[in-house]
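K.L.:
Below is the structure I would like to discuss, written out as structure tokens.
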Amino acid sequence: MPPCKDFTTLCQHHHPKLFLQPLQLSKIVRYGDIFKTHILGCPCVMISSPEAARIVLVTKADLFKPTYPPSKEKMIGPEALFFHQGAYHSMLKKLVQASFLPSVIRRSVTEIEQIVLKFLPSWENTTINTLQEMKRYAFDVAMISAFGHKQDLEMKGIKQLYQCLEKGYNSMPLDLPGTPFHKAMKARKLLNETLRRLIQNRRENEKQGGGLLGVMLEAKNQMVDQLSDSQIADNLIGVIFAAHDTTASVLTWVLKYLHDNGDILEAVTREQEGIQRKIIEANHRLTWDDTRHMPLTTRVIQETLRTASILSFTFREAVQDVEFEGYCIPKGWKVLPLFRTIHHCADFFPQPEKFDPSRFEVPPRPNTFMPFGNGVHSCPGSELAKLEMLVLLHHLTTSYRWQAVGDKDGIQYGPFPVPKRGLPVKVSPRKIKAA
């Protein structure tokens with residue numbers, strides 16, 4: 001094997017705002033699919049080829065650990081599975097996956113539909129902030145996935161504390177009285193205490209409830225290495241974070257793309273009306289099987305995931321000096337697979353800036369479509385996220401229409417890319433044309 005070249009011989013490009021902005025094609029052309037940069041003074045290797053991303057996330061995932069700012073670990077909880085690898089991560093991942101299996105989440109369709117039917121009438125003939133409303137919706141679904149359908153007395157308090165925690169999540173980590181971060185950390189402490197009481201109550205009850213909490217409590221009685229209450233609490237908070245913000249951001253983009261592409265909206269509506277007719281004829285509510293027969297709506301979600309690329313990149317850190325395509329990545333350097341750049345590469349997705357759900361009529365090339373990440377740290381709740389989008393779109397497209405208010409163009413980051421000002425829209429009942 002030839003000697004490993006020093007990665008510092010690659011370009012010395014510095015762009016401290018790169019983590020906020022889509023990588024421009026000109027930089028890829030100039031520096032290639034792999035190059036060095038600095039983010040806030042930290043040396044990073046940027047990767048924009050599917051093959052290289054697979055090496056980092058799958059083939060040699062043990063050499064690249066997930067890395068997050070210390071303030072994020074402190075706020076979510078250091079025992080959450082996002083921050084680990086190895087045996088502990090594998091054990092937690094299996095537990096989380098068990099609570100998101102299709103055989104499990106299919107039982108949630110009725111509850112998710114009830115949430116949708118509670119929200120939609122409140123939007124009628126009003127102007128809503130799409131992002132904020134989608135956050136409310138996604139949060140209620142996340143609570144079901146975390147705690148099951150059983151409504152404990154602590155649920156209201158958990159919601160309030162989480163909302164306070166969220167407000168400080170993206171703030172400057174200044175733990176001084178009066179700052180959003182300080183308030184968030186106080187809420188985090190109270191949230192931990194509340195969750196531990198809930199865990200204790202569930203444990204003492206013969207029926208430990210559903211959701212991730214039920215799965216983890218059952219596992220606590222089966223495993224030699226038992227999970228502590230703090231480990232359970234950290235992972236519950238982590239799942240709510242993961243299931244909430246990202247899904248809400250994607251749904252906001254779905255509404256924008258359907259708003260901007262009226263022909264696609266009408267085609268989706270026709271598909272959903274077909275489902276609606278079958279439901280009425282069979283005299284039942286929306287079912288899991290119904291959501292499996294929404295091919296166009298599913299492609300709209302896939303194309304939204306590609307075009308918007310909510311998860312624009314992910315951070316990894318080399319745990320040792322790693323030889324990578326002829327270069328050495330020093331231990332401690334950050335490595336960023338750039339999902340957005342891959343999703344917007346014309347070699348894989350012709351006319352990448354065009355919103356075209358039909359491109360997913362054919363499966364994309366392997367490792368070119370990674371909206372939920374890839375490998376052992378990919379999102380275990382992706383099927384639940386798609387399910388809650390399908391249920392919402394079924395009722396929204398068949399019963400309502402929405403019109404953007406004010407400037408409909410522009411993007412803001414908070415931290416995920418979303419339409420400017422959260423996409424304010426005026427929601428009205430749909431006028432059904434006479435046959």
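Chain labels A, B, ... are given in the sequence in which chains occur in the structure tokens; within each chain residues are numbered consecutively from 1, and ligands are likewise numbered from 1 in the order shown.
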Assign secondary structure with DSSP using the backbone only, and return the residues of stretch 118-167 of chain A in alpha helix (DSSP H) as a ChimeraX atom specification.
P.N.:
/A:118-123,130-147,155-167
K.L.:
Determine, counting only C-alpha atoms, which protein, DNA and RNA residues have an atom within 8 Å of an atom of A:Thr397; residues of the same chain fewer than 2 positions away are not included. Present the result as a list in words.
P.N.:
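Counting only C-alpha atoms, the residues come to Leu265, Val268, Thr269, Gln272, Leu393, His394, His395, Ser399, Tyr400 and Arg401 of chain A.
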K.L.:
Using only C-alpha atoms, can you tell me which of A:Ile232, A:Thr398, A:Ala184, A:Phe348 comes closest to A:Gly274?
P.N.:
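Using only C-alpha atoms, A:Gly274 sits closest to A:Thr398.
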K.L.:
Atom CA of A:Pro366 and atom CA of A:Ser378 are how many Å apart?
P.N.:
15.0 Å
K.L.:
Give one line per residue of stretch 344-428 of chain A that approaches stretch 153-170 of chain A to at most 12 Å, naming the two atoms of the closest pair and their distance in Å to one decimal, counting only C-alpha atoms; sort by chain then ascending residue number and deliver it as JSON lines.
P.N.:
```
{"residue": "A:Tyr413", "atom": "CA", "partner": "A:Asn170", "partner_atom": "CA", "distance": 10.6}
{"residue": "A:Gly414", "atom": "CA", "partner": "A:Asn170", "partner_atom": "CA", "distance": 7.5}
{"residue": "A:Pro415", "atom": "CA", "partner": "A:Asn170", "partner_atom": "CA", "distance": 7.2}
{"residue": "A:Phe416", "atom": "CA", "partner": "A:Asn170", "partner_atom": "CA", "distance": 10.7}
```
K.L.:
Between A:Thr246, A:Thr127, A:Gln132, A:Asn192, which is the closest to A:Gln231 once you count only C-alpha atoms?
P.N.:
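Under the stated criterion, the closest residue is A:Asn192.
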K.L.:
One decimal, in Å: what's the spacing between atom CA of A:His343 and atom CA of A:Leu305?
P.N.:
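Atom-to-atom, atom CA of A:His343 and atom CA of A:Leu305 are spaced 9.1 Å apart.
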K.L.:
Can you work out which one of A:Tyr68, A:Met46, A:Thr368, A:Ser122 has the shortest atom-to-atom distance to A:Ala346, counting only C-alpha atoms?
P.N.:
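Of the candidates, the smallest distance to A:Ala346 is held by A:Thr368.
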K.L.:
So how far away is atom CA of A:Ser108 from atom CA of A:Gly148, in Å?
P.N.:
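Value for the atom CA of A:Gly148-atom CA of A:Ser108 distance: 9.0 Å.
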